[in-house]
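Participant: Take a look at the following structure, please.
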Amino acid sequence: MNDELIDDLNAFGKRLGSQSPTRSVFDASLSSLYEQPFLKKVLSEWWGFTPLPFQELLLRHSLAVDNPDSRSLAYKNFSVSLPRQNGKTEFIEERLAVALTVLGERAAYTSMREESAKAIFDRFLDKIEAAKEAGSPLASFFPNLPTRGRKEKLITSVDPRTGKVFGQVRFNTRKGGAGRGKSESLIILDEAQDLTRGERDALTAGIATFKNGQVFYVGTPEPAESASTRGVSSTSGQGLASVFGEVRQASLKGAVHSAWFEWGVDKLVPASDKDAWYIANPALGYDLGKGRGIDEKFLESRLMDDESFAIEHLGFWGVQEKGRVIEFTRWMDQVLSNDDVKSFKGYPTVFSVKSTLDGSRVFTGLAVKKSDEEFFIEVLNDYDTSVPWVDSLYKELDMFYKSVKCKSIIIDGHTAVSSLIPALIAKNKWRVNGNKFKQGKVTIASPGDLTGGAAFLINAVNEKKLFHGSQSMMNAVVKDAGKRVYRSGGGFGFSSLSGSTIPEVLETIALALSDASKLKVNKLPEGNASVFSGGSGFGEFKPLF
């Protein structure tokens, strides 16, 4: 179906799902074997396939070649993420038909469920049997067909010119290690959201020896419970619950010889958002044949909460980011306008100081407690320790120390900051009693403070009681935040999943929250509310305090 016809149908009032992926990584400049007239003829006239535009897009790029004169396939890894009931099986069938009758590949289709493998095996037999009855040239590739009840589901094609084996496809499940140790040049990992690392490694171990070896990962986003627990595989006895999210992360970062195509929403929306339905479901409104397809009535009938609906039917990956400890869409749902931020003015505040592990940067931040259900956080300053910085930090500390509004100052006891502690004590005449200063306002942070603050931060985001002003530096760190375990017994802080952000930014805030969560709320009189001029040193907000 061409774009002009799609436009005509939409204009006539028949709304159709978007054929363009919402997220993709591929090289659009590559030529493709799909453009060969013979290949298209085989698919349409011999096999009877009529791919939808998005399926043609996937076929074209899955058959991309290194150069126009080559038959060397460009992608070793080809991945597709689609909501349920969107015709991914048809795409898989079309690619396997190419393997059997055009490229002569040894292929394996694997799924998590027995019924999936049996269904696609039976559909291939249906098409071949129909071709035999119709006298189609396709029949000459399959002089012998397996019986439907046989345990090993294997279809083999022969070259009509020589009578020798040409292509082969095995259909099986991954349960109990089925199909391991075989040698194939094409592996289709269907229901990839249920794939374990052990299964993936066993199934694809030999594919690197094939010049045109390809692994397909095709599935939906992982269920939230799998993403959060990442339990031990029941089939392999080791490894994580799924690797599909890891494949996605690597592909989106530009992993070599890899392509990624995804249809889905990038933030959590209500299940009733019909515009999102059409963005995320390319097969919506199309008839896939034999009563198959997806329509509005089907989606309206789904009795699911918004998050589950978004994962299964809107292709939402937000809660499955591997290693991510903070749900970014929830974080961004808690952004306040400048006017709303000012509603926290006058409430008790905690000031924090934290350095990077190498001592090259020192951050300051604050946490304001308005109630047990409302906290505001902000990064205040970023000090580069390669240039003069100590005097500026002293001034900032002194301002908060003298403020009636600031109830607590918590200071990281490591690296660049730790060397300042004796000087701070002497300069400000603070007396030490263990880790606590006698004035009661200043604390040297313990490992437990960071762990408690980090846990409180994560939970507060989930419970939607942690508010912020959408600082670009903090947003980037939150989106990239993993867990950093720094001692036995469960002590943890934050790490950077990509290595390109500075997790200590978030740890500075965690320290402030560790004390702020314990404060009693007692708003100060307006006259005492602005005894110092805090506010972000990044220029993203006017001074608020």
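Labels for the structure tokens follow display order: chains A, B, ..., residues from 1 in each chain, ligands from 1.
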May I have all residues of range 75-133 of chain A that DSSP, computed from the backbone, assigns to strand (DSSP E), given as a list of chain:residue names?
Facilitator: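 DSSP-assigned strand (DSSP E) residues in range 75-133 of chain A: A:Asn77, A:Phe78, A:Ser79, A:Val80, A:Ser81, A:Arg106, A:Ala107, A:Ala108, A:Tyr109, A:Thr110, A:Ser111.
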Participant: Could you save those same residues with all heavy atoms as a tab-separated table (two decimals), in the first residue's frame?
Facilitator:
chain	number	residue	atom	x	y	z
A	77	ASN	N	22.58	-7.79	14.14
A	77	ASN	CA	21.48	-7.76	15.10
A	77	ASN	C	20.38	-6.86	14.57
A	77	ASN	O	20.64	-5.69	14.25
A	77	ASN	CB	21.96	-7.24	16.46
A	77	ASN	CG	23.07	-8.09	17.04
A	77	ASN	OD1	22.88	-9.26	17.32
A	77	ASN	ND2	24.25	-7.49	17.20
A	78	PHE	N	19.16	-7.38	14.48
A	78	PHE	CA	18.03	-6.61	13.97
A	78	PHE	C	16.88	-6.76	14.96
A	78	PHE	O	16.42	-7.88	15.21
A	78	PHE	CB	17.60	-7.12	12.59
A	78	PHE	CG	16.66	-6.19	11.88
A	78	PHE	CD1	17.14	-5.16	11.07
A	78	PHE	CD2	15.28	-6.33	12.01
A	78	PHE	CE1	16.27	-4.30	10.41
A	78	PHE	CE2	14.41	-5.48	11.37
A	78	PHE	CZ	14.91	-4.45	10.56
A	79	SER	N	16.45	-5.64	15.53
A	79	SER	CA	15.51	-5.70	16.65
A	79	SER	C	14.26	-4.88	16.37
A	79	SER	O	14.34	-3.78	15.81
A	79	SER	CB	16.18	-5.19	17.92
A	79	SER	OG	17.38	-5.89	18.17
A	80	VAL	N	13.12	-5.42	16.81
A	80	VAL	CA	11.82	-4.75	16.61
A	80	VAL	C	11.03	-4.83	17.90
A	80	VAL	O	10.82	-5.91	18.46
A	80	VAL	CB	11.01	-5.43	15.48
A	80	VAL	CG1	9.69	-4.69	15.27
A	80	VAL	CG2	11.82	-5.47	14.19
A	81	SER	N	10.59	-3.67	18.39
A	81	SER	CA	9.71	-3.60	19.56
A	81	SER	C	8.36	-3.07	19.12
A	81	SER	O	8.26	-1.96	18.62
A	81	SER	CB	10.32	-2.68	20.63
A	81	SER	OG	9.44	-2.51	21.71
A	106	ARG	N	19.96	-21.33	6.69
A	106	ARG	CA	19.58	-22.23	7.78
A	106	ARG	C	19.07	-21.34	8.90
A	106	ARG	O	19.80	-20.52	9.44
A	106	ARG	CB	20.77	-23.05	8.28
A	106	ARG	CG	21.39	-23.94	7.21
A	106	ARG	CD	20.44	-25.06	6.78
A	106	ARG	NE	21.13	-26.08	6.00
A	106	ARG	CZ	21.32	-26.03	4.70
A	106	ARG	NH1	20.89	-24.97	4.02
A	106	ARG	NH2	21.93	-27.01	4.05
A	107	ALA	N	17.83	-21.50	9.28
A	107	ALA	CA	17.21	-20.58	10.23
A	107	ALA	C	16.56	-21.34	11.37
A	107	ALA	O	16.16	-22.50	11.23
A	107	ALA	CB	16.17	-19.71	9.53
A	108	ALA	N	16.44	-20.63	12.50
A	108	ALA	CA	15.72	-21.17	13.66
A	108	ALA	C	14.79	-20.10	14.17
A	108	ALA	O	15.20	-18.96	14.41
A	108	ALA	CB	16.69	-21.59	14.75
A	109	TYR	N	13.52	-20.47	14.33
A	109	TYR	CA	12.55	-19.60	14.99
A	109	TYR	C	12.34	-20.14	16.39
A	109	TYR	O	12.03	-21.32	16.57
A	109	TYR	CB	11.22	-19.60	14.22
A	109	TYR	CG	10.08	-18.98	15.02
A	109	TYR	CD1	9.81	-17.62	14.92
A	109	TYR	CD2	9.30	-19.76	15.88
A	109	TYR	CE1	8.78	-17.05	15.68
A	109	TYR	CE2	8.29	-19.20	16.64
A	109	TYR	CZ	8.03	-17.86	16.53
A	109	TYR	OH	7.03	-17.29	17.28
A	110	THR	N	12.51	-19.28	17.41
A	110	THR	CA	12.28	-19.73	18.77
A	110	THR	C	11.33	-18.76	19.47
A	110	THR	O	11.38	-17.55	19.25
A	110	THR	CB	13.58	-19.81	19.60
A	110	THR	OG1	13.99	-18.50	20.00
A	110	THR	CG2	14.69	-20.46	18.80
A	111	SER	N	10.49	-19.32	20.32
A	111	SER	CA	9.56	-18.51	21.11
A	111	SER	C	9.55	-19.06	22.54
A	111	SER	O	10.08	-20.12	22.82
A	111	SER	CB	8.15	-18.57	20.52
A	111	SER	OG	7.66	-19.90	20.57
Participant: Identify, on the basis of only C-alpha atoms, every residue whose closest approach to range 370-381 of chain A does not exceed 8 Å; exclude the query and any residue fewer than 3 positions from it along the same chain; express the result as a PyMOL selection string.
Facilitator: chain A and resi 341+344+347-348+363-367+465-469+471+474+505+508-509+517+521+534-538
Participant: Considering only C-alpha atoms, can you say which of A:Ile294, A:Leu30, A:Val218, A:Val387 comes closest to Phe261 in chain A?
Facilitator: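 Ranked by minimum distance to Phe261 in chain A, first place goes to A:Val218.
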Participant: What is the distance, in Å and to one decimal place, between CA of Pro146 in chain A and CA of Leu186 in chain A?
Facilitator: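 Spanning CA of Pro146 in chain A to CA of Leu186 in chain A is a straight-line distance of 20.8 Å.
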Participant: Tell me, as a PyMOL selection string, which residues lie within 12 Å of Arg71 in chain A, counting only C-alpha atoms; anything in the same chain fewer than 6 positions away does not count.
Facilitator: chain A and resi 30-34+36+63-65+102-103+211-212
Participant: Just N, CA and C atoms for this one: save the residues we selected as a compact mmCIF listing (two decimals), in the first residue's frame.
Facilitator:
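Result saved to out_25.txt:
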# COMPACT_ATOMS: atom_id res chain seq x y z
N LEU A 30 21.93 2.63 3.05
CA LEU A 30 22.29 1.30 2.55
C LEU A 30 21.30 0.81 1.50
N SER A 31 21.82 0.08 0.53
CA SER A 31 20.96 -0.62 -0.44
C SER A 31 20.38 -1.86 0.22
N SER A 32 19.35 -2.45 -0.42
CA SER A 32 18.69 -3.60 0.17
C SER A 32 18.34 -4.64 -0.88
N LEU A 33 18.46 -5.90 -0.51
CA LEU A 33 18.03 -6.99 -1.39
C LEU A 33 16.53 -6.96 -1.62
N TYR A 34 15.81 -6.31 -0.72
CA TYR A 34 14.36 -6.24 -0.86
C TYR A 34 13.94 -5.51 -2.14
N GLN A 36 15.11 -6.00 -5.01
CA GLN A 36 15.22 -6.88 -6.17
C GLN A 36 13.83 -7.35 -6.60
N LEU A 63 17.13 -6.63 5.26
CA LEU A 63 17.86 -7.18 4.13
C LEU A 63 18.83 -6.17 3.52
N ALA A 64 19.19 -5.15 4.32
CA ALA A 64 20.17 -4.16 3.86
C ALA A 64 21.52 -4.83 3.66
N VAL A 65 22.25 -4.36 2.65
CA VAL A 65 23.56 -4.95 2.33
C VAL A 65 24.65 -3.90 2.44
N VAL A 102 14.77 -17.74 -1.24
CA VAL A 102 15.60 -16.75 -1.95
C VAL A 102 17.06 -16.84 -1.53
N LEU A 103 17.33 -16.79 -0.22
CA LEU A 103 18.71 -16.75 0.24
C LEU A 103 19.27 -18.12 0.62
N LYS A 211 29.15 -15.67 7.63
CA LYS A 211 29.37 -14.34 7.07
C LYS A 211 28.09 -13.53 7.09
N ASN A 212 26.97 -14.16 6.78
CA ASN A 212 25.68 -13.46 6.75
C ASN A 212 24.82 -13.79 7.96
Participant: Let me make sure I understand: among A:Ile326, A:Val353, A:Asn462, A:Lys274, which one has the smallest atom-to-atom distance to Leu397 in chain A if we use only C-alpha atoms?
Facilitator: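 Answer, going by the shortest atom-to-atom distance: A:Val353.
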Participant: Could you pull the residues within 8 Å of Ile502 in chain A, counting only C-alpha atoms, minus those fewer than 5 positions along the same chain, as a PyMOL selection string?
Facilitator: chain A and resi 356+477+495-496
Participant: With C-alpha atoms retained, could you export that selection as an mmCIF file, in the first residue's frame?
Facilitator:
data_model
loop_
_atom_site.group_PDB
_atom_site.id
_atom_site.type_symbol
_atom_site.label_atom_id
_atom_site.label_comp_id
_atom_site.auth_asym_id
_atom_site.auth_seq_id
_atom_site.Cartn_x
_atom_site.Cartn_y
_atom_site.Cartn_z
ATOM 1 C CA THR A 356 32.985 13.742 43.254
ATOM 2 C CA VAL A 477 21.705 12.641 35.914
ATOM 3 C CA SER A 495 26.105 5.656 39.408
ATOM 4 C CA SER A 496 26.080 6.838 35.797
#
